[in-house]
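Text of start01.cif (mmCIF, C-alpha atoms and all ligand atoms) as supplied:
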```cif
data_final
#
loop_
_atom_site.label_atom_id
_atom_site.label_comp_id
_atom_site.auth_asym_id
_atom_site.auth_seq_id
_atom_site.Cartn_x
_atom_site.Cartn_y
_atom_site.Cartn_z
CA MET J 1080 0.00 0.00 0.00
CA ASN J 1081 0.98 3.65 -0.38
CA ILE J 1082 1.24 5.61 2.82
CA LEU J 1083 1.22 9.35 3.48
CA LEU J 1084 2.82 10.48 6.73
CA LEU J 1085 2.09 14.02 7.95
CA GLY J 1086 4.68 15.99 9.90
CA SER J 1087 8.32 17.04 9.83
CA GLY J 1088 9.94 16.28 13.17
CA GLY J 1089 12.05 13.60 14.79
CA ARG J 1090 8.89 11.64 15.53
CA GLU J 1091 8.03 11.52 11.83
CA SER J 1092 11.61 10.52 10.92
CA ALA J 1093 11.33 7.57 13.29
CA PHE J 1094 7.91 6.64 11.87
CA ALA J 1095 9.26 6.91 8.32
CA TRP J 1096 12.30 4.78 9.16
CA LYS J 1097 10.08 2.06 10.61
CA ILE J 1098 7.43 2.20 7.87
CA ALA J 1099 10.12 1.89 5.19
CA GLN J 1100 11.18 -1.45 6.73
CA SER J 1101 7.75 -2.98 6.14
CA ASN J 1102 7.14 -4.97 2.98
CA LYS J 1103 3.50 -3.94 3.26
CA CYS J 1104 4.46 -0.40 2.24
CA SER J 1105 5.02 0.12 -1.50
CA LYS J 1106 5.51 3.86 -1.55
CA LEU J 1107 5.93 6.24 1.36
CA PHE J 1108 5.27 9.97 1.08
CA ILE J 1109 5.96 12.50 3.82
CA ALA J 1110 4.40 15.96 3.98
CA PRO J 1111 6.30 18.13 4.45
CA GLY J 1112 9.09 15.93 5.92
CA ASN J 1113 12.72 16.93 6.36
CA ALA J 1114 16.15 15.98 5.01
CA GLY J 1115 16.01 12.70 6.95
CA THR J 1116 12.54 11.51 5.91
CA GLY J 1117 13.65 12.02 2.31
CA GLN J 1118 15.94 8.97 2.77
CA TYR J 1119 12.94 6.71 3.41
CA GLY J 1120 10.36 8.10 1.01
CA THR J 1121 9.32 11.08 -1.07
CA ASN J 1122 8.86 14.42 0.63
CA ILE J 1123 5.93 16.50 -0.61
CA ASP J 1124 5.96 20.22 0.07
CA ILE J 1125 2.54 20.54 1.72
CA LYS J 1126 1.85 21.85 5.21
CA VAL J 1127 0.10 19.59 7.72
CA ASN J 1128 -2.86 21.98 8.08
CA ASP J 1129 -3.42 22.41 4.32
CA PHE J 1130 -6.26 19.89 4.06
CA GLU J 1131 -7.05 20.69 0.41
CA GLY J 1132 -3.40 20.27 -0.53
CA ILE J 1133 -3.29 16.96 1.35
CA LYS J 1134 -6.42 15.82 -0.51
CA GLN J 1135 -4.75 16.51 -3.85
CA ALA J 1136 -1.63 14.59 -2.77
CA VAL J 1137 -3.71 11.62 -1.60
CA LEU J 1138 -5.53 11.42 -4.92
CA ALA J 1139 -2.47 12.07 -7.11
CA ASN J 1140 -0.37 9.38 -5.37
CA SER J 1141 -3.08 6.73 -4.83
CA ILE J 1142 -2.57 6.86 -1.06
CA ASN J 1143 -4.13 3.98 0.89
CA MET J 1144 -3.46 5.20 4.42
CA VAL J 1145 -2.62 8.48 6.17
CA LEU J 1146 -0.67 8.57 9.43
CA VAL J 1147 -0.89 11.90 11.25
CA GLY J 1148 2.16 12.80 13.36
CA PRO J 1149 1.38 16.09 15.13
CA GLU J 1150 -1.72 17.13 17.08
CA GLU J 1151 -2.72 20.28 15.25
CA PRO J 1152 -4.29 18.76 12.14
CA LEU J 1153 -6.13 16.24 14.36
CA VAL J 1154 -7.53 18.93 16.65
CA LYS J 1155 -8.50 20.88 13.51
CA GLY J 1156 -10.38 17.84 12.23
CA ILE J 1157 -8.35 16.30 9.42
CA HIS J 1158 -9.90 12.88 10.09
CA ASP J 1159 -13.41 14.40 9.95
CA PHE J 1160 -12.43 16.16 6.71
CA PHE J 1161 -11.57 12.80 5.16
CA LEU J 1162 -14.80 11.18 6.34
CA ALA J 1163 -16.87 14.04 4.95
CA ASP J 1164 -15.26 13.86 1.51
CA GLU J 1165 -16.61 11.34 -0.98
CA GLN J 1166 -13.23 10.77 -2.63
CA LEU J 1167 -11.32 10.47 0.65
CA ARG J 1168 -13.79 8.54 2.80
CA SER J 1169 -12.30 5.16 1.96
CA VAL J 1170 -8.76 6.21 2.89
CA PRO J 1171 -8.13 5.35 6.54
CA VAL J 1172 -6.62 8.04 8.75
CA ILE J 1173 -4.57 6.99 11.77
CA GLY J 1174 -5.32 9.62 14.39
CA PRO J 1175 -8.60 10.46 16.13
CA GLN J 1176 -11.42 12.62 14.84
CA ARG J 1177 -11.87 16.13 16.23
CA GLU J 1178 -13.91 14.98 19.22
CA GLY J 1179 -11.36 12.40 20.37
CA ALA J 1180 -8.53 14.85 19.75
CA GLN J 1181 -10.16 17.06 22.40
CA LEU J 1182 -8.36 14.84 24.91
CA GLU J 1183 -5.38 17.00 23.97
CA GLY J 1184 -7.09 20.01 22.40
CA SER J 1185 -8.94 20.99 25.58
CA LYS J 1186 -7.46 20.47 29.04
CA ASP J 1187 -10.91 21.17 30.49
CA PHE J 1188 -12.49 18.45 28.34
CA SER J 1189 -9.77 15.97 29.28
CA LYS J 1190 -10.03 16.75 33.01
CA GLN J 1191 -13.80 16.28 32.91
CA PHE J 1192 -13.32 13.02 31.02
CA MET J 1193 -10.95 11.78 33.74
CA VAL J 1194 -13.46 12.71 36.45
CA ARG J 1195 -16.36 11.01 34.62
CA HIS J 1196 -14.39 7.78 34.35
CA ASN J 1197 -12.70 7.81 37.76
CA ILE J 1198 -9.23 8.07 36.29
CA PRO J 1199 -6.78 9.21 39.00
CA ALA J 1200 -5.66 12.82 38.47
CA ALA J 1201 -4.85 15.96 40.43
CA ALA J 1202 -7.80 17.88 41.90
CA SER J 1203 -8.71 20.78 39.64
CA ARG J 1204 -11.30 23.34 38.57
CA THR J 1205 -11.74 25.35 35.41
CA PHE J 1206 -12.32 29.11 35.30
CA THR J 1207 -13.20 31.72 32.68
CA ARG J 1208 -13.19 35.52 32.72
CA ASP J 1209 -16.70 35.42 34.20
CA THR J 1210 -15.70 33.16 37.08
CA MET J 1211 -12.27 34.65 37.82
CA GLN J 1212 -13.28 35.68 41.36
CA GLU J 1213 -14.18 32.07 42.14
CA GLY J 1214 -10.76 31.17 40.78
CA PHE J 1215 -9.11 33.59 43.22
CA ASP J 1216 -11.03 31.91 46.07
CA TYR J 1217 -9.95 28.45 44.88
CA LEU J 1218 -6.21 29.22 44.57
CA PRO J 1219 -5.34 29.26 48.30
CA THR J 1220 -7.21 25.99 48.93
CA ILE J 1221 -5.06 23.55 46.89
CA GLY J 1222 -1.59 23.92 48.39
CA LEU J 1223 1.63 25.07 46.75
CA PRO J 1224 2.90 25.16 44.10
CA ILE J 1225 -0.19 25.79 41.96
CA VAL J 1226 -0.46 24.56 38.38
CA LEU J 1227 -2.26 26.74 35.80
CA LYS J 1228 -3.05 25.32 32.38
CA ALA J 1229 -4.37 27.16 29.35
CA ASP J 1230 -7.30 25.10 28.10
CA GLY J 1231 -6.34 25.03 24.42
CA LEU J 1232 -3.25 24.18 22.38
CA ALA J 1233 -0.43 26.58 23.24
CA ALA J 1234 2.55 24.98 21.50
CA GLY J 1235 3.63 23.26 24.72
CA LYS J 1236 3.91 26.56 26.61
CA GLY J 1237 0.49 26.75 28.26
CA VAL J 1238 1.37 25.23 31.64
CA LEU J 1239 2.61 27.45 34.48
CA ILE J 1240 3.82 26.27 37.86
CA CYS J 1241 3.37 29.09 40.38
CA LEU J 1242 5.22 29.10 43.68
CA THR J 1243 2.93 31.53 45.51
CA VAL J 1244 -0.79 32.33 45.53
CA GLN J 1245 0.04 35.92 44.50
CA GLU J 1246 1.95 34.72 41.45
CA ALA J 1247 -0.89 32.37 40.52
CA GLN J 1248 -3.40 35.24 40.85
CA GLN J 1249 -1.34 37.48 38.61
CA GLU J 1250 -0.93 34.73 35.99
CA LEU J 1251 -4.63 33.89 36.12
CA ILE J 1252 -5.45 37.53 35.39
CA GLU J 1253 -3.01 37.62 32.47
CA MET J 1254 -4.30 34.36 31.02
CA LEU J 1255 -8.00 35.17 31.33
CA THR J 1256 -8.13 38.91 30.70
CA GLU J 1257 -4.99 39.66 28.72
CA ALA J 1258 -5.02 36.54 26.52
CA LYS J 1259 -1.50 35.55 27.60
CA PHE J 1260 -1.79 32.44 25.42
CA GLY J 1261 -4.34 33.92 23.01
CA GLU J 1262 -7.66 32.13 22.65
CA ALA J 1263 -6.10 29.04 24.29
CA SER J 1264 -6.20 30.74 27.71
CA SER J 1265 -9.80 32.00 27.57
CA LYS J 1266 -10.39 29.05 29.92
CA VAL J 1267 -7.84 28.06 32.54
CA VAL J 1268 -7.59 24.79 34.47
CA VAL J 1269 -6.26 25.36 38.00
CA GLU J 1270 -4.74 22.19 39.33
CA GLN J 1271 -3.05 20.71 42.37
CA PHE J 1272 0.67 20.02 41.99
CA LEU J 1273 1.59 16.33 41.82
CA GLN J 1274 4.83 15.26 43.48
CA GLY J 1275 6.62 12.36 41.83
CA ILE J 1276 8.54 11.17 38.77
CA GLU J 1277 7.06 11.69 35.33
CA LEU J 1278 6.80 9.13 32.54
CA SER J 1279 4.83 8.57 29.36
CA VAL J 1280 2.86 5.50 28.41
CA PHE J 1281 1.69 5.04 24.83
CA VAL J 1282 -1.36 3.19 23.66
CA LEU J 1283 -2.44 2.35 20.12
CA SER J 1284 -6.19 1.83 19.74
CA ASP J 1285 -8.55 0.84 16.94
CA GLY J 1286 -11.45 2.24 18.98
CA ASN J 1287 -12.22 -1.12 20.53
CA ASN J 1288 -8.98 -3.05 21.07
CA TYR J 1289 -5.70 -1.59 22.25
CA LYS J 1290 -2.01 -2.39 22.49
CA VAL J 1291 0.26 -0.91 25.12
CA LEU J 1292 3.48 0.29 23.50
CA PRO J 1293 6.74 0.71 25.44
CA SER J 1294 6.79 3.43 28.08
CA ALA J 1295 9.39 6.18 27.93
CA LYS J 1296 10.69 9.08 29.92
CA ASP J 1297 11.51 12.39 28.31
CA TYR J 1298 13.70 15.24 29.49
CA LYS J 1299 11.99 18.57 28.94
CA ARG J 1300 14.38 21.19 30.31
CA ILE J 1301 17.12 22.72 28.19
CA GLY J 1302 19.85 22.50 30.83
CA GLU J 1303 21.69 19.61 32.41
CA GLY J 1304 20.34 18.49 35.76
CA ASP J 1305 16.82 19.43 34.53
CA THR J 1306 17.37 23.16 34.77
CA GLY J 1307 16.37 26.13 32.64
CA LEU J 1308 13.54 26.63 30.18
CA ASN J 1309 11.11 24.01 28.97
CA THR J 1310 11.63 22.62 25.48
CA GLY J 1311 9.80 20.19 23.23
CA GLY J 1312 12.04 17.48 24.70
CA MET J 1313 15.83 17.07 24.88
CA GLY J 1314 16.08 13.32 25.11
CA SER J 1315 14.29 10.13 26.07
CA VAL J 1316 14.85 6.61 27.34
CA SER J 1317 12.77 3.46 27.02
CA PRO J 1318 11.99 1.38 29.02
CA VAL J 1319 11.68 3.42 32.21
CA PRO J 1320 13.44 1.57 35.04
CA PHE J 1321 11.10 2.81 37.78
CA ALA J 1322 8.01 1.66 35.83
CA SER J 1323 7.86 -1.86 37.23
CA ASP J 1324 5.44 -4.49 35.94
CA GLU J 1325 3.34 -3.86 39.03
CA PHE J 1326 3.19 -0.13 38.32
CA LEU J 1327 2.34 -0.72 34.65
CA GLN J 1328 -0.43 -3.10 35.72
CA LYS J 1329 -1.91 -0.27 37.78
CA VAL J 1330 -1.63 2.05 34.77
CA GLU J 1331 -3.51 -0.44 32.61
CA GLN J 1332 -6.26 -1.10 35.17
CA ARG J 1333 -6.72 2.45 36.46
CA VAL J 1334 -5.98 4.54 33.38
CA ILE J 1335 -5.83 2.69 30.07
CA ILE J 1336 -8.90 0.47 30.37
CA PRO J 1337 -11.13 3.25 31.78
CA THR J 1338 -9.92 5.55 28.98
CA ILE J 1339 -10.72 3.09 26.17
CA GLU J 1340 -14.01 2.09 27.78
CA GLY J 1341 -14.89 5.73 28.51
CA LEU J 1342 -14.38 6.70 24.88
CA LYS J 1343 -16.57 3.79 23.79
CA GLN J 1344 -19.31 4.58 26.31
CA GLU J 1345 -19.41 8.19 25.20
CA GLY J 1346 -19.56 7.20 21.56
CA ILE J 1347 -16.25 8.87 20.72
CA PRO J 1348 -14.55 6.94 17.93
CA TYR J 1349 -10.79 6.75 18.45
CA LYS J 1350 -8.36 5.24 15.99
CA GLY J 1351 -4.85 6.28 16.80
CA PHE J 1352 -2.28 6.84 19.49
CA ILE J 1353 -3.08 7.92 23.03
CA PHE J 1354 -0.15 9.48 24.85
CA ILE J 1355 -0.67 9.17 28.59
CA GLY J 1356 1.46 11.59 30.59
CA LEU J 1357 1.71 10.27 34.14
CA MET J 1358 3.21 11.06 37.48
CA ASN J 1359 4.39 8.10 39.53
CA CYS J 1360 3.40 9.28 43.01
CA GLY J 1361 4.81 6.80 45.50
CA GLY J 1362 4.03 3.84 43.24
CA ASP J 1363 0.59 4.99 42.12
CA PRO J 1364 -0.11 6.53 38.70
CA TYR J 1365 -1.79 9.94 38.39
CA MET J 1366 -2.70 11.54 35.09
CA ILE J 1367 -0.98 14.73 34.02
CA GLU J 1368 -2.32 14.89 30.51
CA TYR J 1369 -3.45 13.08 27.41
CA ASN J 1370 -2.07 13.78 23.97
CA CYS J 1371 -3.76 12.48 20.84
CA ARG J 1372 -0.46 11.50 19.17
CA MET J 1373 2.92 10.01 19.96
CA GLY J 1374 5.54 12.01 21.85
CA ASP J 1375 8.70 13.49 20.43
CA PRO J 1376 11.48 12.46 21.29
CA GLU J 1377 9.80 9.43 22.92
CA THR J 1378 8.79 7.99 19.52
CA GLU J 1379 12.42 7.73 18.46
CA SER J 1380 13.21 5.46 21.43
CA VAL J 1381 9.92 3.55 21.15
CA MET J 1382 10.27 2.83 17.40
CA MET J 1383 13.81 1.51 17.95
CA ARG J 1384 12.40 -1.10 20.35
CA LEU J 1385 9.47 -2.12 18.15
CA GLU J 1386 10.32 -5.45 16.50
CA SER J 1387 7.00 -6.16 14.81
CA ASP J 1388 5.82 -4.70 11.53
CA PHE J 1389 4.59 -1.17 12.27
CA VAL J 1390 2.45 -1.02 9.13
CA ASP J 1391 0.73 -4.25 10.15
CA LEU J 1392 -0.22 -2.63 13.46
CA LEU J 1393 -1.50 0.49 11.69
CA GLN J 1394 -3.52 -1.72 9.38
CA GLY J 1395 -5.05 -3.34 12.46
CA VAL J 1396 -6.09 0.11 13.66
CA ALA J 1397 -7.61 0.98 10.29
CA GLU J 1398 -9.50 -2.32 10.00
CA GLY J 1399 -10.56 -2.58 13.64
CA ASN J 1400 -8.74 -5.87 14.24
CA LEU J 1401 -5.74 -4.69 16.20
CA ASP J 1402 -6.24 -7.64 18.57
CA GLU J 1403 -5.16 -9.98 15.75
CA ARG J 1404 -1.87 -8.18 15.14
CA GLU J 1405 1.45 -8.97 16.75
CA LEU J 1406 3.22 -6.52 19.01
CA LYS J 1407 6.80 -7.56 19.72
CA ILE J 1408 9.08 -5.34 21.75
CA SER J 1409 12.84 -5.64 22.18
CA ASP J 1410 14.15 -6.16 25.72
CA LYS J 1411 17.00 -3.82 24.90
CA VAL J 1412 17.20 -0.22 26.05
CA ALA J 1413 16.86 2.75 23.70
CA ALA J 1414 18.23 6.18 24.51
CA THR J 1415 17.74 9.35 22.47
CA VAL J 1416 19.80 12.52 22.68
CA VAL J 1417 18.31 15.56 20.92
CA MET J 1418 20.69 18.03 19.27
CA VAL J 1419 19.30 21.56 19.17
CA ALA J 1420 20.14 24.87 17.52
CA GLY J 1421 22.07 27.58 19.35
CA GLY J 1422 19.63 29.80 21.26
CA TYR J 1423 16.81 27.23 21.44
CA PRO J 1424 14.20 27.29 23.02
CA GLY J 1425 14.43 31.07 22.49
CA GLU J 1426 15.27 32.73 19.18
CA TYR J 1427 17.64 30.27 17.50
CA LEU J 1428 20.23 29.98 14.71
CA LYS J 1429 19.20 28.55 11.34
CA ASN J 1430 20.69 27.54 7.99
CA LYS J 1431 23.87 26.09 9.51
CA THR J 1432 25.59 23.27 7.62
CA ILE J 1433 25.61 19.94 9.45
CA THR J 1434 28.69 17.72 9.15
CA GLY J 1435 29.83 14.42 10.60
CA ILE J 1436 26.63 12.36 10.38
CA GLU J 1437 28.60 9.74 8.44
CA ASN J 1438 30.87 9.25 11.48
CA VAL J 1439 28.03 7.98 13.67
CA ARG J 1440 28.71 4.33 14.54
CA GLY J 1441 26.21 2.82 16.92
CA SER J 1442 23.10 5.00 16.67
CA GLN J 1443 20.29 5.86 14.33
CA VAL J 1444 20.23 9.53 13.33
CA PHE J 1445 16.67 10.86 13.09
CA HIS J 1446 16.32 14.27 11.51
CA ALA J 1447 14.01 16.95 12.92
CA GLY J 1448 14.75 20.54 11.84
CA THR J 1449 16.82 19.88 8.73
CA TYR J 1450 16.58 20.46 4.98
CA MET J 1451 18.68 19.70 1.92
CA ASP J 1452 20.46 22.60 0.26
CA GLY J 1453 22.03 21.03 -2.81
CA ASP J 1454 24.26 18.32 -1.31
CA ASP J 1455 24.44 20.03 2.08
CA ILE J 1456 22.23 19.21 5.04
CA LYS J 1457 21.28 22.42 6.85
CA THR J 1458 19.46 23.29 10.05
CA SER J 1459 15.98 24.78 9.97
CA GLY J 1460 14.43 24.13 13.36
CA GLY J 1461 15.08 24.41 17.08
CA ARG J 1462 15.38 20.66 17.49
CA VAL J 1463 17.74 19.59 14.72
CA LEU J 1464 18.56 15.88 15.12
CA ALA J 1465 17.66 13.02 17.45
CA ILE J 1466 20.41 10.45 18.01
CA THR J 1467 19.01 7.12 19.19
CA SER J 1468 20.97 4.09 20.29
CA LEU J 1469 19.64 0.61 21.13
CA GLN J 1470 21.92 -1.40 23.43
CA ASP J 1471 21.86 -4.23 25.95
CA ASN J 1472 21.67 -1.91 28.91
CA MET J 1473 20.86 1.68 29.69
CA PHE J 1474 24.42 2.77 30.42
CA ASN J 1475 25.66 1.59 27.02
CA ALA J 1476 22.70 3.09 25.20
CA LEU J 1477 23.21 6.47 26.86
CA GLN J 1478 26.93 6.44 26.34
CA GLN J 1479 26.65 5.44 22.69
CA ALA J 1480 23.97 8.05 21.84
CA THR J 1481 25.96 10.77 23.61
CA ALA J 1482 29.24 9.73 21.94
CA ASP J 1483 27.57 9.68 18.52
CA ALA J 1484 26.03 13.13 19.06
CA SER J 1485 29.59 14.41 19.68
CA ARG J 1486 30.60 13.20 16.21
CA ILE J 1487 28.20 15.64 14.55
CA TYR J 1488 28.86 19.34 14.17
CA TYR J 1489 27.10 22.55 13.18
CA ASP J 1490 27.55 26.13 14.34
CA GLY J 1491 25.93 26.66 17.74
CA MET J 1492 25.04 22.99 18.26
CA TYR J 1493 24.05 21.92 21.77
CA PHE J 1494 22.85 18.75 23.45
CA ARG J 1495 22.48 17.55 27.02
CA LYS J 1496 25.15 15.11 28.14
CA ASP J 1497 23.18 13.91 31.17
CA ILE J 1498 20.08 12.36 29.56
CA GLY J 1499 19.05 9.30 31.54
CA PHE J 1500 22.00 9.34 33.91
CA ASP J 1501 19.64 10.12 36.81
CA LEU J 1502 18.07 6.68 36.24
CA LEU J 1503 21.25 4.60 36.35
P1 LIG W 1 1.66 19.54 29.90
O1 LIG W 1 1.72 20.65 28.90
O2 LIG W 1 0.30 19.21 30.39
O3 LIG W 1 2.52 18.39 29.45
O4 LIG W 1 2.45 20.05 31.18
C1 LIG W 1 3.79 20.42 31.09
C2 LIG W 1 4.53 19.90 32.28
O5 LIG W 1 4.07 20.53 33.46
C3 LIG W 1 4.34 18.43 32.53
O6 LIG W 1 5.17 17.66 31.72
C4 LIG W 1 4.70 18.34 33.99
O7 LIG W 1 6.11 18.31 34.17
C5 LIG W 1 4.18 19.63 34.54
N1 LIG W 1 2.86 19.44 35.15
C6 LIG W 1 1.66 19.51 34.55
N2 LIG W 1 0.67 19.28 35.42
C7 LIG W 1 1.26 19.04 36.61
C8 LIG W 1 0.77 18.74 37.92
N3 LIG W 1 -0.54 18.66 38.20
N4 LIG W 1 1.68 18.55 38.89
C9 LIG W 1 3.01 18.65 38.64
N5 LIG W 1 3.52 18.94 37.46
C10 LIG W 1 2.66 19.14 36.45
N1 LIG W 2 7.88 14.97 24.49
C1 LIG W 2 6.64 15.49 24.87
C2 LIG W 2 5.66 15.63 23.80
O1 LIG W 2 5.80 15.13 22.71
O2 LIG W 2 4.65 16.27 24.06
#
```

So, in terms of structure tokens, how does the structure I just supplied come out?
Amino acid sequence: MNILLLGSGGRESAFAWKIAQSNKCSKLFIAPGNAGTGQYGTNIDIKVNDFEGIKQAVLANSINMVLVGPEEPLVKGIHDFFLADEQLRSVPVIGPQREGAQLEGSKDFSKQFMVRHNIPAAASRTFTRDTMQEGFDYLPTIGLPIVLKADGLAAGKGVLICLTVQEAQQELIEMLTEAKFGEASSKVVVEQFLQGIELSVFVLSDGNNYKVLPSAKDYKRIGEGDTGLNTGGMGSVSPVPFASDEFLQKVEQRVIIPTIEGLKQEGIPYKGFIFIGLMNCGGDPYMIEYNCRMGDPETESVMMRLESDFVDLLQGVAEGNLDERELKISDKVAATVVMVAGGYPGEYLKNKTITGIENVRGSQVFHAGTYMDGDDIKTSGGRVLAITSLQDNMFNALQQATADASRIYYDGMYFRKDIGFDLL
């Protein structure tokens, strides 16, 4: 079959790498892709939110399946767009329809969903401009620090952790009355702070059956020792050593099953990935968030450990028989180190020539913000490359990925040298 993959990050490079290994895939197209995805298929210069452009590409290239990488087109309803179009209806889309994507698109929706289905999560309430005074009354009642979340998509920046009630009040005012995060903060979820260690669990669902993919931990801060500004993610490891079988059993019973059953009960069709962001609080899982897609850079580590045919699994999602497909996961450990542009996550350098990729020995190099300029590979994004190594143990995987990152060079390049070392 011919597959169209939407997106252009490290996640999509890892998807493309894995899809290209399947003999079920005849031709792979990536829109818009990057210099790395171009090694596994044909990049098409169409943006992920250009639904009409995507339609033309699907028809012109006889596409039989579309895999959506990022959340934005899902929240904007790309799956619904396909179902509503006579020519596209028969082409399966992997990724939920608009309603299911609300698990990520609206923090208020997702919190209410968790409450309705008794899924463990931090206590919270949602406020608007009209109920701001009630919000002020609520702030001092939930302990410190206080977590404020813009309801809508805010490019990963919509969560604030406030150390004092005064700070939380000020931020609440800015979010609700000064549109600090635009329309996304016209509603704000005020939430209790959860103490613990964070991890991500990934589920693939056909709307009825599900498979639990490997869990992973990502490192969000720019600086070593988890300091400095938040980023899209600076590295990841899979599996997560503190996620024991017993803990993962609890996750399945208390979170995954109620989520799948809850979606079914509410008549919300869901074919795609569910990213479950969790806090391990003294051995018990508590929800932080849902995303309606895979994580980046978690996908890079997860795809390296996936031994079964990825396209076969996606086909199971499309056809509603995921239970009949094989999921085989390597016992080895995958570690990913993300190389970023100078200045990231602030204003960052671009158009720098990347050298040394050919010197990488024991890792897979997944491209994120890169493009081809003649024969040169150049940087275009904040996160430039993800270097992933699969080894017998975590120490070797971390050491190999870090050593391989050092073999690559571009002006202003930076990566964290401490990814995963807190877990050893
Ligand atoms: P999110 O955008 O929902 O992923 O939130 C960003 C980050 O904020 C999460 O990855 C957590 O590190 C942190 N966070 C969110 N909610 C909470 C909470 N209730 N308690 C503690 N940390 C949180
Ligand atoms: N790495 C976190 C995310 O993809 O949202």

Interface rows for chain J against ligand LIG 1 (chain W): nearest pair, Å to one decimal, 8 Å, only C-alpha atoms and all ligand atoms, as a Markdown table:
```
| residue | atom | partner | partner_atom | distance |
| --- | --- | --- | --- | --- |
| J:Lys1186 | CA | W:LIG1 | O2 | 8.0 |
| J:Ala1200 | CA | W:LIG1 | N3 | 7.8 |
| J:Ala1201 | CA | W:LIG1 | N3 | 5.6 |
| J:Val1226 | CA | W:LIG1 | N3 | 5.9 |
| J:Lys1228 | CA | W:LIG1 | O2 | 7.2 |
| J:Gly1235 | CA | W:LIG1 | O1 | 5.3 |
| J:Lys1236 | CA | W:LIG1 | O1 | 6.7 |
| J:Gly1237 | CA | W:LIG1 | O1 | 6.3 |
| J:Val1238 | CA | W:LIG1 | O4 | 5.3 |
| J:Leu1239 | CA | W:LIG1 | O5 | 7.1 |
| J:Ile1240 | CA | W:LIG1 | O5 | 7.2 |
| J:Glu1270 | CA | W:LIG1 | N3 | 5.6 |
| J:Gln1271 | CA | W:LIG1 | N3 | 5.3 |
| J:Phe1272 | CA | W:LIG1 | N4 | 3.6 |
| J:Leu1273 | CA | W:LIG1 | N4 | 3.7 |
| J:Gln1274 | CA | W:LIG1 | C9 | 6.2 |
| J:Gly1275 | CA | W:LIG1 | C9 | 7.9 |
| J:Glu1277 | CA | W:LIG1 | O7 | 6.8 |
| J:Lys1299 | CA | W:LIG1 | O6 | 7.4 |
| J:Gly1356 | CA | W:LIG1 | O3 | 7.0 |
| J:Met1358 | CA | W:LIG1 | C9 | 7.7 |
| J:Ile1367 | CA | W:LIG1 | N2 | 5.0 |
| J:Glu1368 | CA | W:LIG1 | O2 | 5.1 |
| J:Tyr1369 | CA | W:LIG1 | O2 | 7.8 |
```

**Who sits within 8 Å of region 1442-1454 of chain J, all atoms listed in the file, same chain under 3 positions skipped, as a list in words** =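 Close residues of region 1442-1454 of chain J: Ser1087, Gly1088, Gly1089, Arg1090, Ser1092, Ala1093, Asn1113, Ala1114, Gly1115, Thr1116, Glu1379, Ile1436, Val1439, Lys1457, Thr1458, Ser1459, Gly1460, Gly1461, Arg1462, Val1463, Leu1464, Ala1465, Ile1466, Thr1467, Ser1468, Leu1469, Gln1479, Ala1480 and Asp1483 of chain J.
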
Item to check | Expected answer as number ranges by chain: residues within 9 Å of ligand LIG 2 (chain W), all atoms listed in the file | outcome: J: 1090, 1149, 1235, 1279, 1296-1299, 1310-1315, 1354, 1356, 1370, 1372-1378

Could you check how far CA of Met1080 (chain J) sits from CA of Leu1392 (chain J), in Å to one decimal?
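Calculated distance between CA of Met1080 (chain J) and CA of Leu1392 (chain J) is 13.7 Å.
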
Test item: residues at most 10 Å from Pro1320 (chain J), only C-alpha atoms, excluding those fewer than 3 positions along its chain, as a list in words:
Ser1294, Ala1295, Lys1296, Val1316, Ser1317, Ser1323, Val1412, Met1473, Leu1502 and Leu1503 of chain J

Sorted per-residue table, region 1219-1307 of chain J near region 1333-1339 of chain J, closest atoms and distance, 9 Å, all atoms listed in the file, as CSV:
```
residue,atom,partner,partner_atom,distance
J:Val1282,CA,J:Ile1335,CA,7.8
J:Ser1284,CA,J:Ile1339,CA,8.0
J:Gly1286,CA,J:Ile1339,CA,7.3
J:Asn1287,CA,J:Ile1339,CA,7.2
J:Asn1288,CA,J:Ile1339,CA,8.2
J:Tyr1289,CA,J:Ile1339,CA,7.9
J:Val1291,CA,J:Ile1335,CA,8.6
```

Arg1195 (chain J) surroundings by only C-alpha atoms, 12 Å radius, close-in-sequence under 2 positions cut, as a tab-separated table (two decimals) with C-alpha atoms, keeping the file's coordinate frame:
```tsv
chain	number	residue	atom	x	y	z
J	1188	PHE	CA	-12.49	18.45	28.34
J	1189	SER	CA	-9.77	15.97	29.28
J	1190	LYS	CA	-10.03	16.75	33.01
J	1191	GLN	CA	-13.80	16.28	32.91
J	1192	PHE	CA	-13.32	13.02	31.02
J	1193	MET	CA	-10.95	11.78	33.74
J	1197	ASN	CA	-12.70	7.81	37.76
J	1198	ILE	CA	-9.23	8.07	36.29
J	1199	PRO	CA	-6.78	9.21	39.00
J	1200	ALA	CA	-5.66	12.82	38.47
J	1337	PRO	CA	-11.13	3.25	31.78
J	1338	THR	CA	-9.92	5.55	28.98
J	1340	GLU	CA	-14.01	2.09	27.78
J	1341	GLY	CA	-14.89	5.73	28.51
J	1342	LEU	CA	-14.38	6.70	24.88
J	1344	GLN	CA	-19.31	4.58	26.31
J	1345	GLU	CA	-19.41	8.19	25.20
```

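Between CA of Arg1300 (chain J) and CA of Arg1495 (chain J) the interatomic distance comes to 9.5 Å.
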
Using all atoms listed in the file, the residue out of J:Leu1477, J:Ile1433, J:Val1419, J:Leu1278 with shortest distance to Leu1357 (chain J) is J:Leu1278

Open item on the list: Could you tell me how far CA of Ile1082 (chain J) sits from CA of Met1144 (chain J), in Å to one decimal place?
Closed with: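 So the two atoms, CA of Met1144 (chain J) and CA of Ile1082 (chain J), lie 5.0 Å apart.
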